[in-house]
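Q: Sending over a structure as structure tokens; questions will come in a sec.
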Amino acid sequence: MFLSKPHYPALEIAYLAVDERYSRQGWGRIIIEAIADKAQTQEMAGCQFLTVEALNVQGHNAVTFYSKCGFSPSEYPNPNKGTLRMFRTLYPEKGEE
């Protein structure tokens, strides 16, 4: 479905980082949920997805974090690219939640 679409109404998360002192305390997930809530409740545009270029290099892999936050890959992994494009549906179909 998603891999074949050239354009989609989405909000891109450009950069997201949590200070190491607060790592693994749930702050990243809290930020993602706040972004999703804001995207769903704003009235200026009709976003359907959140998207991100998740860092995917040795020693710095954000793909697992974004997967735990409900994101899925929107492209096939490329070993020559240091990121993996991922998306999260803001309005999942009934039964997909």
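We label chains A, B, ... in the order they appear in the structure tokens, count residues from 1 in each chain, and number ligands from 1 in the order shown.
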Going by DSSP on the backbone, which residues of chain A come out as helix (DSSP H, G or I)? List them as a PDB file with N, CA, C and O atoms, in the first residue's frame.

A:
```
ATOM      1  N   PHE A   2       1.608   1.477   1.070  1.00  0.00           N
ATOM      2  CA  PHE A   2       2.341   2.731   1.257  1.00  0.00           C
ATOM      3  C   PHE A   2       3.525   2.856   0.312  1.00  0.00           C
ATOM      4  O   PHE A   2       3.829   3.942  -0.158  1.00  0.00           O
ATOM      5  N   LEU A   3       4.183   1.747   0.019  1.00  0.00           N
ATOM      6  CA  LEU A   3       5.374   1.788  -0.828  1.00  0.00           C
ATOM      7  C   LEU A   3       5.073   2.272  -2.234  1.00  0.00           C
ATOM      8  O   LEU A   3       5.944   2.803  -2.912  1.00  0.00           O
ATOM      9  N   SER A   4       3.848   2.118  -2.697  1.00  0.00           N
ATOM     10  CA  SER A   4       3.511   2.478  -4.070  1.00  0.00           C
ATOM     11  C   SER A   4       2.996   3.911  -4.220  1.00  0.00           C
ATOM     12  O   SER A   4       2.779   4.361  -5.334  1.00  0.00           O
ATOM     13  N   GLU A  20      20.896  12.066  26.987  1.00  0.00           N
ATOM     14  CA  GLU A  20      21.276  10.759  27.528  1.00  0.00           C
ATOM     15  C   GLU A  20      20.887  10.584  28.991  1.00  0.00           C
ATOM     16  O   GLU A  20      20.593   9.473  29.428  1.00  0.00           O
ATOM     17  N   ARG A  21      20.881  11.671  29.757  1.00  0.00           N
ATOM     18  CA  ARG A  21      20.503  11.570  31.176  1.00  0.00           C
ATOM     19  C   ARG A  21      19.061  11.109  31.345  1.00  0.00           C
ATOM     20  O   ARG A  21      18.687  10.595  32.393  1.00  0.00           O
ATOM     21  N   TYR A  22      18.220  11.319  30.320  1.00  0.00           N
ATOM     22  CA  TYR A  22      16.800  10.960  30.391  1.00  0.00           C
ATOM     23  C   TYR A  22      16.452   9.790  29.477  1.00  0.00           C
ATOM     24  O   TYR A  22      15.289   9.446  29.320  1.00  0.00           O
ATOM     25  N   TRP A  27      10.601   9.272  27.683  1.00  0.00           N
ATOM     26  CA  TRP A  27      10.400  10.623  27.157  1.00  0.00           C
ATOM     27  C   TRP A  27      10.253  10.648  25.641  1.00  0.00           C
ATOM     28  O   TRP A  27       9.461  11.418  25.096  1.00  0.00           O
ATOM     29  N   GLY A  28      10.975   9.816  24.936  1.00  0.00           N
ATOM     30  CA  GLY A  28      10.847   9.762  23.481  1.00  0.00           C
ATOM     31  C   GLY A  28       9.443   9.381  23.063  1.00  0.00           C
ATOM     32  O   GLY A  28       8.836  10.006  22.183  1.00  0.00           O
ATOM     33  N   ARG A  29       8.899   8.366  23.705  1.00  0.00           N
ATOM     34  CA  ARG A  29       7.529   7.927  23.403  1.00  0.00           C
ATOM     35  C   ARG A  29       6.521   9.029  23.750  1.00  0.00           C
ATOM     36  O   ARG A  29       5.565   9.258  23.007  1.00  0.00           O
ATOM     37  N   ILE A  30       6.738   9.715  24.869  1.00  0.00           N
ATOM     38  CA  ILE A  30       5.844  10.812  25.257  1.00  0.00           C
ATOM     39  C   ILE A  30       5.860  11.898  24.184  1.00  0.00           C
ATOM     40  O   ILE A  30       4.803  12.429  23.808  1.00  0.00           O
ATOM     41  N   ILE A  31       7.033  12.218  23.665  1.00  0.00           N
ATOM     42  CA  ILE A  31       7.149  13.241  22.620  1.00  0.00           C
ATOM     43  C   ILE A  31       6.437  12.782  21.350  1.00  0.00           C
ATOM     44  O   ILE A  31       5.688  13.555  20.734  1.00  0.00           O
ATOM     45  N   ILE A  32       6.628  11.523  20.948  1.00  0.00           N
ATOM     46  CA  ILE A  32       5.968  10.987  19.755  1.00  0.00           C
ATOM     47  C   ILE A  32       4.448  11.067  19.921  1.00  0.00           C
ATOM     48  O   ILE A  32       3.731  11.484  19.002  1.00  0.00           O
ATOM     49  N   GLU A  33       3.937  10.675  21.072  1.00  0.00           N
ATOM     50  CA  GLU A  33       2.489  10.707  21.294  1.00  0.00           C
ATOM     51  C   GLU A  33       1.957  12.141  21.288  1.00  0.00           C
ATOM     52  O   GLU A  33       0.857  12.394  20.800  1.00  0.00           O
ATOM     53  N   ALA A  34       2.743  13.088  21.807  1.00  0.00           N
ATOM     54  CA  ALA A  34       2.328  14.498  21.773  1.00  0.00           C
ATOM     55  C   ALA A  34       2.269  15.008  20.324  1.00  0.00           C
ATOM     56  O   ALA A  34       1.351  15.744  19.954  1.00  0.00           O
ATOM     57  N   ILE A  35       3.245  14.611  19.519  1.00  0.00           N
ATOM     58  CA  ILE A  35       3.253  14.995  18.103  1.00  0.00           C
ATOM     59  C   ILE A  35       2.036  14.390  17.399  1.00  0.00           C
ATOM     60  O   ILE A  35       1.334  15.076  16.639  1.00  0.00           O
ATOM     61  N   ALA A  36       1.759  13.120  17.648  1.00  0.00           N
ATOM     62  CA  ALA A  36       0.612  12.452  17.022  1.00  0.00           C
ATOM     63  C   ALA A  36      -0.691  13.121  17.439  1.00  0.00           C
ATOM     64  O   ALA A  36      -1.569  13.370  16.599  1.00  0.00           O
ATOM     65  N   ASP A  37      -0.818  13.443  18.724  1.00  0.00           N
ATOM     66  CA  ASP A  37      -2.029  14.098  19.222  1.00  0.00           C
ATOM     67  C   ASP A  37      -2.213  15.466  18.560  1.00  0.00           C
ATOM     68  O   ASP A  37      -3.313  15.805  18.127  1.00  0.00           O
ATOM     69  N   LYS A  38      -1.147  16.227  18.464  1.00  0.00           N
ATOM     70  CA  LYS A  38      -1.218  17.551  17.842  1.00  0.00           C
ATOM     71  C   LYS A  38      -1.601  17.429  16.364  1.00  0.00           C
ATOM     72  O   LYS A  38      -2.437  18.194  15.864  1.00  0.00           O
ATOM     73  N   ALA A  39      -1.019  16.464  15.666  1.00  0.00           N
ATOM     74  CA  ALA A  39      -1.333  16.266  14.247  1.00  0.00           C
ATOM     75  C   ALA A  39      -2.799  15.881  14.047  1.00  0.00           C
ATOM     76  O   ALA A  39      -3.422  16.288  13.066  1.00  0.00           O
ATOM     77  N   GLN A  40      -3.355  15.114  14.981  1.00  0.00           N
ATOM     78  CA  GLN A  40      -4.740  14.672  14.865  1.00  0.00           C
ATOM     79  C   GLN A  40      -5.740  15.759  15.231  1.00  0.00           C
ATOM     80  O   GLN A  40      -6.847  15.758  14.723  1.00  0.00           O
ATOM     81  N   THR A  41      -5.358  16.682  16.099  1.00  0.00           N
ATOM     82  CA  THR A  41      -6.314  17.673  16.594  1.00  0.00           C
ATOM     83  C   THR A  41      -6.183  19.040  15.950  1.00  0.00           C
ATOM     84  O   THR A  41      -7.067  19.879  16.137  1.00  0.00           O
ATOM     85  N   VAL A  63      15.636   2.752  14.510  1.00  0.00           N
ATOM     86  CA  VAL A  63      14.558   1.974  13.903  1.00  0.00           C
ATOM     87  C   VAL A  63      13.776   1.199  14.968  1.00  0.00           C
ATOM     88  O   VAL A  63      12.541   1.179  14.946  1.00  0.00           O
ATOM     89  N   THR A  64      14.463   0.589  15.908  1.00  0.00           N
ATOM     90  CA  THR A  64      13.786  -0.166  16.968  1.00  0.00           C
ATOM     91  C   THR A  64      12.894   0.754  17.796  1.00  0.00           C
ATOM     92  O   THR A  64      11.751   0.403  18.098  1.00  0.00           O
ATOM     93  N   PHE A  65      13.403   1.928  18.150  1.00  0.00           N
ATOM     94  CA  PHE A  65      12.601   2.891  18.919  1.00  0.00           C
ATOM     95  C   PHE A  65      11.329   3.256  18.168  1.00  0.00           C
ATOM     96  O   PHE A  65      10.226   3.189  18.722  1.00  0.00           O
ATOM     97  N   TYR A  66      11.462   3.644  16.901  1.00  0.00           N
ATOM     98  CA  TYR A  66      10.279   4.050  16.137  1.00  0.00           C
ATOM     99  C   TYR A  66       9.327   2.877  15.921  1.00  0.00           C
ATOM    100  O   TYR A  66       8.101   3.066  15.945  1.00  0.00           O
ATOM    101  N   SER A  67       9.842   1.672  15.761  1.00  0.00           N
ATOM    102  CA  SER A  67       8.975   0.497  15.637  1.00  0.00           C
ATOM    103  C   SER A  67       8.133   0.317  16.897  1.00  0.00           C
ATOM    104  O   SER A  67       6.938   0.039  16.824  1.00  0.00           O
ATOM    105  N   LYS A  68       8.750   0.500  18.062  1.00  0.00           N
ATOM    106  CA  LYS A  68       8.027   0.390  19.332  1.00  0.00           C
ATOM    107  C   LYS A  68       6.967   1.482  19.484  1.00  0.00           C
ATOM    108  O   LYS A  68       6.013   1.322  20.239  1.00  0.00           O
TER     109      LYS A  68
END
```

Q: Going by DSSP on the backbone, which bits of stretch 30-83 of chain A are strand (DSSP E)? Write them as a list in words, please.

A: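 Selecting the strand (DSSP E) positions of stretch 30-83 of chain A gives Phe49, Leu50, Thr51, Val52, Glu53, Ala54, Leu55, Asn56, Val57, His60, Asn61, Ser72, Pro73 and Thr83 of chain A.
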
Q: Would you mind telling me which residue in A:Gln25, A:Thr83, A:Asn61, A:Thr89 lies nearest to A:Phe49 when using only C-alpha atoms?

A: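 Using only C-alpha atoms, A:Phe49 sits closest to A:Thr89.
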
Q: Identify, on the basis of only C-alpha atoms, every residue whose closest approach to A:Pro77 does not exceed 12 Å; exclude the query and any residue fewer than 3 positions from it along the same chain; express the result as number ranges by chain.

A: A: 53-57, 63, 72-74, 80-86

Q: Taking into account only C-alpha atoms, which residue in the set A:Leu16, A:Pro79, A:Pro9, A:Glu93 is nearest to A:Val52?

A: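 So, comparing all the options, the nearest one is A:Leu16.
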